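Take a look at the structure set out below.
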Amino acid sequence: MSEAARTAMENVPESGREHGAQTDLGFLWDFWYPAMRSEGIRGRHLATAMLLEVPLVIGRTSDGKAFAMRDACPHRGIPLSYGHFDGKNLQCSYHGWEFDACSGRCVAIPSLTSHDKLKVERISAGHFPCEERDGYVWVFMNGAAPKLPESVPAAPELPKFSRKFKITRLDCKLPSHIDHGIIGLMDPAHGPFVHQSWFWRSKKSIHEKSKQFEPIPNGFRMSKHSPSTNSLPYQWLKKMTGAPVTTTIDFVLPNMRFEEIQSGEYWFSSRATVTPVRRDLCRIDFVAAWNLPLPISVFRAFAKVFLRQDQQTMIQQAEGLKHNPRLMLIDDADRPAKWYFALKQNLIESRRTGMPMVHPMDGPVTLHWNS
Ligand code: FES
Ligand SMILES: [Fe+2]
């Protein structure tokens, strides 16, 4: 390989940080994001996904381990997903370079002869840590890829409270930047307007609420409380168990909202993640598990209505956002959104300075709003 070609090759941006640093797209790197459902990778099939504007090729080795690589050959950039996967190595369709799927390391360059001195194993395709949990393939969006991160935290898992439970998953795409997806997800004031349904609540049921919030690492919690009695499902649950119903809602960076409902021995646990696909597209992945006598089909029917209502609203909102209107965040109903932006900012700042992250809340707070 000529010096010029080698330099050119070394200069090709390989992944994340270069990508994100050129323009700040408001994404948080070095977190796990769900890329797709586990069932999407079977046999030697290569699937594609996009996270934080990084195209990924995702597959499963013959011993069952999921892997994620940047969907671009480090040689000339053709998507590796057009290549051939033998259960261990992925071979590029253009010049046949082969990469170990689990490390991204190059293992063969067919054109090389004994005259070449190129060290094949020094070449890496962009590669990201990959784990499966709750039926999702999670990818750790390492901002320094292809350099491996120093340490990778465990991939997130939905809490479950008994051995037997039902579980179901739904998703929906939103034509918005992740920030709008997230503040929509944690917004308490849209309920009576967007989610009016006979089975949930009507506009008339609007009343004043006071909820206590407390700081938790990388997020905040709506402290354990008895949920509002104007929602039918809670009334039904209370009647069924005869025990008080309690609920706890957590928001955790970069994008997760957990909700836990307990009543007697019954529990319901859900997680919604808003994942940035591109700057103008995100996806909500919603997974719920429970041991209540509630059929999956019934739950899905209701949950779909909810998600569709949110989706419809975000589609309409995107129409307005195209023209860059001025926006506002008000107290107290938008305080969770303010915390989200502050958490994000403070995290970026602490990563930049190496100092501990400052939490935007200095203790428990009670917020009041009508909904
Ligand atoms: S572009 Fe992949 S091997 Fe050349
Ligand atoms: Fe909603």
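By convention here, the chains of the structure tokens are called A, B, ... in the order presented, each chain's residues are numbered starting at 1, and ligands are numbered starting at 1 in the order presented.
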
Chain A residues near ligand 2 within 8 Å, closest pair each, using only C-alpha atoms and all ligand atoms, as CSV:
```
residue,atom,partner,partner_atom_place_in_ligand_line,distance
A:Gly184,CA,ligand 2,1 (Fe),6.6
A:Leu185,CA,ligand 2,1 (Fe),5.9
A:Met186,CA,ligand 2,1 (Fe),8.0
A:Asp187,CA,ligand 2,1 (Fe),7.4
A:His190,CA,ligand 2,1 (Fe),6.6
A:Gly191,CA,ligand 2,1 (Fe),6.1
A:Val194,CA,ligand 2,1 (Fe),6.8
A:His195,CA,ligand 2,1 (Fe),6.6
A:Phe306,CA,ligand 2,1 (Fe),6.6
A:Leu307,CA,ligand 2,1 (Fe),7.0
A:Gln309,CA,ligand 2,1 (Fe),7.0
A:Asp310,CA,ligand 2,1 (Fe),4.9
```

Counting only C-alpha atoms and all ligand atoms, which residues of chain A fall within 10 Å of ligand 1, and what is the closest atom pair for each with its distance in Å at one decimal, ordered by chain and rising number, as a Markdown table?
```
| residue | atom | partner | partner_atom_place_in_ligand_line | distance |
| --- | --- | --- | --- | --- |
| A:Ala72 | CA | ligand 1 | 2 (Fe) | 7.9 |
| A:Cys73 | CA | ligand 1 | 2 (Fe) | 4.6 |
| A:Pro74 | CA | ligand 1 | 2 (Fe) | 6.6 |
| A:His75 | CA | ligand 1 | 1 (S) | 4.6 |
| A:Arg76 | CA | ligand 1 | 1 (S) | 4.0 |
| A:Gly77 | CA | ligand 1 | 1 (S) | 5.6 |
| A:Ile78 | CA | ligand 1 | 1 (S) | 5.3 |
| A:Pro79 | CA | ligand 1 | 2 (Fe) | 8.0 |
| A:Leu80 | CA | ligand 1 | 2 (Fe) | 7.2 |
| A:Tyr82 | CA | ligand 1 | 2 (Fe) | 9.8 |
| A:Gly83 | CA | ligand 1 | 2 (Fe) | 8.5 |
| A:Gln91 | CA | ligand 1 | 3 (S) | 7.7 |
| A:Cys92 | CA | ligand 1 | 2 (Fe) | 4.6 |
| A:Ser93 | CA | ligand 1 | 2 (Fe) | 6.3 |
| A:Tyr94 | CA | ligand 1 | 4 (Fe) | 4.8 |
| A:His95 | CA | ligand 1 | 3 (S) | 3.8 |
| A:Gly96 | CA | ligand 1 | 3 (S) | 4.9 |
| A:Trp97 | CA | ligand 1 | 3 (S) | 4.3 |
| A:Glu98 | CA | ligand 1 | 3 (S) | 7.6 |
| A:Phe99 | CA | ligand 1 | 3 (S) | 9.8 |
| A:Ala108 | CA | ligand 1 | 3 (S) | 9.7 |
| A:Ile109 | CA | ligand 1 | 3 (S) | 7.5 |
| A:Pro110 | CA | ligand 1 | 3 (S) | 8.9 |
| A:Ser111 | CA | ligand 1 | 3 (S) | 9.5 |
| A:Ala125 | CA | ligand 1 | 2 (Fe) | 9.8 |
```

Item to check | range 134-278 of chain A: residues DSSP assigns to alpha helix (DSSP H), reported as a list in words | outcome: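 Filtering range 134-278 of chain A to alpha helix (DSSP H) leaves Ile178, Asp179, His180, Gly181, Ile182, Ile183, Gly184, Leu185, Gly191, Pro192, Phe193, Val194, Leu232, Pro233, Tyr234, Gln235, Trp236, Leu237, Lys238, Lys239, Met240 and Thr241 of chain A.
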
Next on the checklist: I need the residues of range 198-363 of chain A that end up classed as strand (DSSP E) by DSSP on the backbone, written out as number ranges by chain.
Outcome noted: A: 208-216, 219-225, 246-252, 256-263, 266-278, 281-290

Checklist outcome for this item: Taken to one decimal, the CA of Pro156 in chain A-CA of Cys130 in chain A distance is 11.8 Å

Next on the checklist: Let me make sure I understand: among A:Ile183, A:Cys282, A:Leu174, A:Leu237, which one has the smallest atom-to-atom distance to Ala333 in chain A if we use only C-alpha atoms?
Outcome noted: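 Result for the nearest residue to Ala333 in chain A: A:Ile183.
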
Item to check | Selected residue of minimal separation from Met361 in chain A among A:Met314, A:Pro215, A:Arg283, A:Leu327, counting only C-alpha atoms | outcome: A:Pro215

Next on the checklist: Let me make sure I understand: among A:Ala301, A:Ala154, A:Ile330, A:Leu28, which one has the smallest atom-to-atom distance to Lys344 in chain A if we use only C-alpha atoms?
Outcome noted: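 That would be A:Leu28, the residue with the smallest distance to Lys344 in chain A.
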
Checklist outcome for this item: Gly59 in chain A proximity check over A:Met36, A:Leu25, A:Ala243, A:Ala303, using only C-alpha atoms: winner is A:Met36

Checklist entry - What is the distance, in Å and to one decimal place, between CA of Ala272 in chain A and CA of Arg326 in chain A? => result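 Separation of CA of Ala272 in chain A and CA of Arg326 in chain A: 27.9 Å.
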
Polymer residues at most 12 Å from Gln212 in chain A, only C-alpha atoms, same-chain spacing of 6 or more positions, as a JSON list (two decimals) with N, CA, C and O atoms, in the first residue's frame:
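Just written: part-v8.json:
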```json
[["chain", "number", "residue", "atom", "x", "y", "z"],
["A", 220, "PHE", "N", -34.12, 11.28, 37.96],
["A", 220, "PHE", "CA", -34.99, 11.67, 39.07],
["A", 220, "PHE", "C", -36.15, 10.69, 39.17],
["A", 220, "PHE", "O", -36.46, 9.97, 38.22],
["A", 221, "ARG", "N", -36.73, 10.68, 40.36],
["A", 221, "ARG", "CA", -37.80, 9.72, 40.64],
["A", 221, "ARG", "C", -39.04, 10.44, 41.10],
["A", 221, "ARG", "O", -38.97, 11.35, 41.94],
["A", 222, "MET", "N", -40.19, 10.05, 40.57],
["A", 222, "MET", "CA", -41.45, 10.47, 41.17],
["A", 222, "MET", "C", -41.65, 9.46, 42.31],
["A", 222, "MET", "O", -41.85, 8.26, 42.06],
["A", 223, "SER", "N", -41.50, 9.94, 43.55],
["A", 223, "SER", "CA", -41.46, 9.04, 44.70],
["A", 223, "SER", "C", -42.69, 8.15, 44.75],
["A", 223, "SER", "O", -43.75, 8.51, 44.22],
["A", 224, "LYS", "N", -42.53, 7.04, 45.43],
["A", 224, "LYS", "CA", -43.61, 6.06, 45.55],
["A", 224, "LYS", "C", -44.89, 6.74, 46.06],
["A", 224, "LYS", "O", -44.86, 7.45, 47.05],
["A", 225, "HIS", "N", -45.98, 6.56, 45.35],
["A", 225, "HIS", "CA", -47.24, 7.21, 45.75],
["A", 225, "HIS", "C", -48.41, 6.37, 45.27],
["A", 225, "HIS", "O", -48.23, 5.41, 44.51],
["A", 226, "SER", "N", -49.60, 6.73, 45.73],
["A", 226, "SER", "CA", -50.80, 6.06, 45.22],
["A", 226, "SER", "C", -51.25, 6.80, 43.98],
["A", 226, "SER", "O", -51.45, 8.01, 44.03],
["A", 248, "THR", "N", -44.15, 3.98, 41.26],
["A", 248, "THR", "CA", -42.90, 4.74, 41.29],
["A", 248, "THR", "C", -42.47, 4.93, 39.84],
["A", 248, "THR", "O", -42.53, 3.99, 39.06],
["A", 249, "ILE", "N", -42.09, 6.14, 39.50],
["A", 249, "ILE", "CA", -41.65, 6.39, 38.12],
["A", 249, "ILE", "C", -40.27, 7.02, 38.16],
["A", 249, "ILE", "O", -40.03, 7.99, 38.88],
["A", 250, "ASP", "N", -39.36, 6.43, 37.40],
["A", 250, "ASP", "CA", -37.99, 6.94, 37.35],
["A", 250, "ASP", "C", -37.67, 7.42, 35.94],
["A", 250, "ASP", "O", -38.07, 6.77, 34.97],
["A", 332, "ASP", "N", -45.00, 24.30, 37.15],
["A", 332, "ASP", "CA", -44.21, 23.15, 37.56],
["A", 332, "ASP", "C", -44.33, 22.02, 36.53],
["A", 332, "ASP", "O", -43.53, 21.08, 36.58],
["A", 336, "PRO", "N", -39.89, 18.61, 35.07],
["A", 336, "PRO", "CA", -39.13, 17.41, 34.70],
["A", 336, "PRO", "C", -38.33, 17.60, 33.41],
["A", 336, "PRO", "O", -37.20, 17.11, 33.30],
["A", 363, "GLY", "N", -32.40, 18.02, 46.46],
["A", 363, "GLY", "CA", -33.14, 17.20, 47.42],
["A", 363, "GLY", "C", -34.54, 16.98, 46.89],
["A", 363, "GLY", "O", -34.85, 17.38, 45.76],
["A", 364, "PRO", "N", -35.41, 16.36, 47.70],
["A", 364, "PRO", "CA", -36.78, 16.12, 47.25],
["A", 364, "PRO", "C", -37.53, 17.44, 47.02],
["A", 364, "PRO", "O", -37.27, 18.42, 47.71],
["A", 365, "VAL", "N", -38.40, 17.45, 46.04],
["A", 365, "VAL", "CA", -39.23, 18.63, 45.73],
["A", 365, "VAL", "C", -40.64, 18.15, 45.42],
["A", 365, "VAL", "O", -40.82, 17.08, 44.85],
["A", 366, "THR", "N", -41.61, 18.97, 45.80],
["A", 366, "THR", "CA", -42.98, 18.65, 45.43],
["A", 366, "THR", "C", -43.41, 19.57, 44.29],
["A", 366, "THR", "O", -43.22, 20.79, 44.38],
["A", 367, "LEU", "N", -43.93, 18.97, 43.24],
["A", 367, "LEU", "CA", -44.43, 19.76, 42.11],
["A", 367, "LEU", "C", -45.95, 19.69, 42.09],
["A", 367, "LEU", "O", -46.54, 18.68, 42.49],
["A", 368, "HIS", "N", -46.57, 20.76, 41.63],
["A", 368, "HIS", "CA", -48.04, 20.82, 41.56],
["A", 368, "HIS", "C", -48.45, 21.14, 40.13],
["A", 368, "HIS", "O", -47.86, 22.03, 39.50],
["A", 369, "TRP", "N", -49.44, 20.44, 39.65],
["A", 369, "TRP", "CA", -49.98, 20.77, 38.34],
["A", 369, "TRP", "C", -51.40, 20.22, 38.25],
["A", 369, "TRP", "O", -51.79, 19.36, 39.04]]
```

Item to check | Pairwise distance for CA of Lys173 in chain A and CA of Asp280 in chain A, rounded to one decimal in Å | outcome: 10.6 Å
